[in-house]
Structures are given as structure tokens and as C-alpha cells.
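Undergrad: So here's coords06.cif, just mmCIF, C-alpha atoms:
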```
data_protein
loop_
_atom_site.group_PDB
_atom_site.id
_atom_site.type_symbol
_atom_site.label_atom_id
_atom_site.label_comp_id
_atom_site.auth_asym_id
_atom_site.auth_seq_id
_atom_site.Cartn_x
_atom_site.Cartn_y
_atom_site.Cartn_z
ATOM 1 C CA MET C 1 50.330 45.325 -172.836
ATOM 2 C CA GLU C 2 53.077 42.768 -173.180
ATOM 3 C CA ILE C 3 56.348 43.253 -175.055
ATOM 4 C CA ALA C 4 58.991 40.506 -175.223
ATOM 5 C CA GLY C 5 57.439 38.735 -172.251
ATOM 6 C CA ILE C 6 57.378 41.888 -170.113
ATOM 7 C CA THR C 7 54.015 43.221 -169.026
ATOM 8 C CA LEU C 8 53.798 47.005 -169.191
ATOM 9 C CA ASN C 9 51.483 48.923 -166.891
ATOM 10 C CA PHE C 10 50.594 52.373 -168.161
ATOM 11 C CA ALA C 11 48.410 53.326 -165.189
ATOM 12 C CA GLY C 12 51.236 55.149 -163.418
ATOM 13 C CA LEU C 13 52.064 57.169 -166.503
ATOM 14 C CA GLY C 14 48.393 58.034 -166.961
ATOM 15 C CA ILE C 15 48.120 59.189 -163.356
ATOM 16 C CA GLY C 16 51.334 61.194 -163.757
ATOM 17 C CA LEU C 17 50.058 62.872 -166.923
ATOM 18 C CA ALA C 18 46.704 63.635 -165.288
ATOM 19 C CA THR C 19 48.540 65.133 -162.286
ATOM 20 C CA PHE C 20 50.616 67.324 -164.593
ATOM 21 C CA LEU C 21 47.500 68.530 -166.435
ATOM 22 C CA ILE C 22 45.487 69.167 -163.252
ATOM 23 C CA ILE C 23 48.249 71.244 -161.695
ATOM 24 C CA GLY C 24 48.793 73.016 -165.009
ATOM 25 C CA LEU C 25 45.096 73.916 -165.236
ATOM 26 C CA CYS C 26 44.784 75.067 -161.632
ATOM 27 C CA HIS C 27 47.495 77.721 -162.011
ATOM 28 C CA PRO C 28 45.695 79.843 -164.634
ATOM 29 C CA ILE C 29 42.366 79.274 -162.847
ATOM 30 C CA VAL C 30 43.899 80.881 -159.742
ATOM 31 C CA ILE C 31 45.201 83.877 -161.689
ATOM 32 C CA LYS C 32 42.146 84.505 -163.877
ATOM 33 C CA GLY C 33 39.698 83.625 -161.108
ATOM 34 C CA GLU C 34 41.213 86.130 -158.697
ATOM 35 C CA TYR C 35 41.212 88.787 -161.431
ATOM 36 C CA TYR C 36 37.600 88.313 -162.564
ATOM 37 C CA PHE C 37 35.831 87.028 -159.439
ATOM 38 C CA GLY C 38 37.980 88.062 -156.487
ATOM 39 C CA ALA C 39 39.727 86.097 -153.792
ATOM 40 C CA ARG C 40 36.643 85.426 -151.652
ATOM 41 C CA ALA C 41 34.692 83.753 -154.464
ATOM 42 C CA MET C 42 37.699 81.736 -155.567
ATOM 43 C CA ARG C 43 38.393 80.516 -152.021
ATOM 44 C CA TRP C 44 34.839 79.140 -151.965
ATOM 45 C CA PHE C 45 35.266 77.654 -155.452
ATOM 46 C CA PHE C 46 38.480 75.852 -154.540
ATOM 47 C CA GLY C 47 37.180 74.780 -151.129
ATOM 48 C CA ILE C 48 33.957 73.285 -152.463
ATOM 49 C CA GLY C 49 35.805 71.740 -155.407
ATOM 50 C CA GLY C 50 38.326 70.163 -153.036
ATOM 51 C CA VAL C 51 35.566 68.633 -150.910
ATOM 52 C CA VAL C 52 33.703 67.335 -153.983
ATOM 53 C CA PHE C 53 36.832 65.747 -155.453
ATOM 54 C CA THR C 54 37.695 64.245 -152.046
ATOM 55 C CA VAL C 55 34.274 62.588 -151.784
ATOM 56 C CA LEU C 56 34.505 61.352 -155.375
ATOM 57 C CA ALA C 57 37.994 59.927 -154.746
ATOM 58 C CA LEU C 58 36.715 58.074 -151.689
ATOM 59 C CA LEU C 59 33.696 56.664 -153.519
ATOM 60 C CA THR C 60 35.487 55.648 -156.727
ATOM 61 C CA GLN C 61 36.561 52.009 -156.888
ATOM 62 C CA SER C 62 38.926 52.424 -159.840
ATOM 63 C CA GLY C 63 42.625 52.136 -159.084
ATOM 64 C CA VAL C 64 43.334 54.829 -161.674
ATOM 65 C CA TRP C 65 40.488 57.315 -161.248
ATOM 66 C CA SER C 66 40.564 57.425 -157.443
ATOM 67 C CA PRO C 67 44.191 58.693 -157.336
ATOM 68 C CA ILE C 68 43.465 61.193 -160.131
ATOM 69 C CA LEU C 69 40.474 62.534 -158.206
ATOM 70 C CA GLY C 70 42.626 62.663 -155.059
ATOM 71 C CA VAL C 71 45.226 64.721 -156.914
ATOM 72 C CA ALA C 72 42.471 67.043 -158.097
ATOM 73 C CA ALA C 73 41.159 67.357 -154.523
ATOM 74 C CA PHE C 74 44.489 68.372 -153.057
ATOM 75 C CA SER C 75 45.263 70.624 -156.020
ATOM 76 C CA PHE C 76 42.034 72.466 -155.284
ATOM 77 C CA PHE C 77 42.873 72.714 -151.592
ATOM 78 C CA TRP C 78 46.315 74.035 -152.561
ATOM 79 C CA GLY C 79 44.502 76.560 -154.790
ATOM 80 C CA ILE C 80 43.113 78.233 -151.665
ATOM 81 C CA LYS C 81 46.675 78.937 -150.533
ATOM 82 C CA GLU C 82 47.606 80.106 -154.025
ATOM 83 C CA ILE C 83 44.658 82.526 -154.113
ATOM 84 C CA ASN C 84 45.997 84.162 -150.960
ATOM 85 C CA GLU C 85 49.455 84.376 -152.523
ATOM 86 C CA GLN C 86 47.951 85.741 -155.763
ATOM 87 C CA VAL C 87 46.351 88.562 -153.782
ATOM 88 C CA GLU C 88 49.815 89.381 -152.444
ATOM 89 C CA ARG C 89 51.362 89.205 -155.932
ATOM 90 C CA VAL C 90 48.718 91.643 -157.205
ATOM 91 C CA ARG C 91 49.372 93.940 -154.239
ATOM 92 C CA LYS C 92 53.087 93.945 -155.111
ATOM 93 C CA GLY C 93 52.270 94.802 -158.729
ATOM 94 C CA TRP C 94 53.529 91.533 -160.204
ATOM 95 C CA PHE C 95 50.074 90.843 -161.687
ATOM 96 C CA PRO C 96 47.451 93.362 -162.800
ATOM 97 C CA ALA C 97 44.523 94.203 -160.553
ATOM 98 C CA ASN C 98 41.060 94.289 -162.077
ATOM 99 C CA PRO C 99 40.115 97.992 -162.116
ATOM 100 C CA ARG C 100 36.385 97.172 -162.279
ATOM 101 C CA ARG C 101 36.378 95.153 -159.065
ATOM 102 C CA SER C 102 36.073 96.692 -155.622
ATOM 103 C CA LYS C 103 38.861 95.886 -153.170
ATOM 104 C CA ALA C 104 36.232 95.555 -150.401
ATOM 105 C CA ARG C 105 34.955 92.239 -151.858
ATOM 106 C CA ASP C 106 38.187 90.419 -151.038
#
```
Let's see the structure in the file written out as C-alpha cells.
TA:
Amino acid sequence: MEIAGITLNFAGLGIGLATFLIIGLCHPIVIKGEYYFGARAMRWFFGIGGVVFTVLALLTQSGVWSPILGVAAFSFFWGIKEINEQVERVRKGWFPANPRRSKARD
């Protein structure tokens, strides 16, 4: 887009917005996922998701989608760390534990 002879590039803003949304979506997935499925299942979910998004980022030729997929990949890898911290937050009583889930599964 060009305004008054200046070309505007919205790709950076789009990538920034996508980053904001990806991080914003991963946080509740960590909390709800640990509650309903347990830490072990969510570690696998985030690990596999991180690998899939990494491969997609490497294979994508788009200068916009490749960085977005890379952000998603590292957000998923960071989710593994957050799952471990969520387990600790539940242990401290900051978040509720699921009474129907066995502690042995984590």
C-alpha cells in the first residue's frame, strides 16, 4: 500500500499480531490441558506440535507464514516448560487440581 509516496509494509504488523494471538492461545491450552489431560499428555502434545510447526516453517516459502509458523513452533516448545510450571502452580494451590484425574499419570 502506498500513501503520499511512502510504501507501507504490513507484514511485520501481521506477524506481530499472529505472535500475540499464538502466545495468547497457548496459555489457556497449558492450563486447561494440564487440568483435563495431565502433564504427560500435554508434554507430548506440545512436543509433537513444536516439531510439526518447525518442519512446516522450514518448508514454507512465504516470508510471512514461515515466521508465523516458527513462532508457533517455539511457543509450543515453551509450552512444555509451562506445563511443568503449571504442575507446580497446581501443587501450590494457585490453580485447581482435577479431582477425577489420578496423580500417578503425571
Undergrad: Kindly indicate which residue among C:Val51, C:Ile31, C:Ala39, C:Ala73 lies nearest to C:Phe95, using only C-alpha atoms for the distances.
TA: C:Ile31
Undergrad: Excluding C:Phe45 and any residue of its chain fewer than 5 positions from it, enumerate the residues within 9 Å of it, using all atoms listed in the file, and give them as a PDB file with C-alpha atoms, keeping the file's coordinate frame.
TA:
```
ATOM      1  CA  ARG C  40      36.643  85.426-151.652  1.00  0.00           C
ATOM      2  CA  GLY C  50      38.326  70.163-153.036  1.00  0.00           C
ATOM      3  CA  PHE C  76      42.034  72.466-155.284  1.00  0.00           C
ATOM      4  CA  ILE C  80      43.113  78.233-151.665  1.00  0.00           C
TER       5      ILE C  80
END
```
Undergrad: Please expand the PyMOL selection byres ((chain C and resi 22) around 10) into the concrete residues it hits in this file, giving the result as a list of chain:residue names.
TA: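 Output of the PyMOL selection byres ((chain C and resi 22) around 10): C:Gly16, C:Leu17, C:Ala18, C:Thr19, C:Phe20, C:Leu21, C:Ile23, C:Gly24, C:Leu25, C:Cys26, C:His27, C:Ile68, C:Leu69, C:Val71, C:Ala72, C:Ala73, C:Ser75, C:Phe76.
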Undergrad: When you look at C:Gln86 with a cut-off of 12 Å (counting all atoms listed in the file), what residues show up, excluding the ones that are within fewer than 2 positions of it in the same chain? I need them as a PyMOL selection string.
TA: chain C and resi 27-35+38-39+42-43+79-84+88-97+106
Undergrad: Enter the distance from atom CA of C:Arg100 to atom CA of C:Tyr36, in Å, rounded to one decimal.
TA: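 Distance reported for this atom pair: 8.9 Å.
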Undergrad: What is the atom CA of C:Gly47-atom CA of C:Asn98 distance in Å, reported with one decimal?
TA: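 So the answer is 22.7 Å.
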Undergrad: Dump as CSV the rows for residues of stretch 48-102 of chain C within 12 Å of stretch 3-13 of chain C: closest atom pair and distance in Å with one decimal, only C-alpha atoms counted, ordered by chain and rising residue number.
TA:
```
residue,atom,partner,partner_atom,distance
C:Ser62,CA,C:Ala11,CA,10.9
C:Gly63,CA,C:Ala11,CA,8.5
C:Val64,CA,C:Ala11,CA,6.4
C:Trp65,CA,C:Ala11,CA,9.7
C:Ser66,CA,C:Ala11,CA,11.8
C:Pro67,CA,C:Gly12,CA,10.0
C:Ile68,CA,C:Gly12,CA,10.4
```
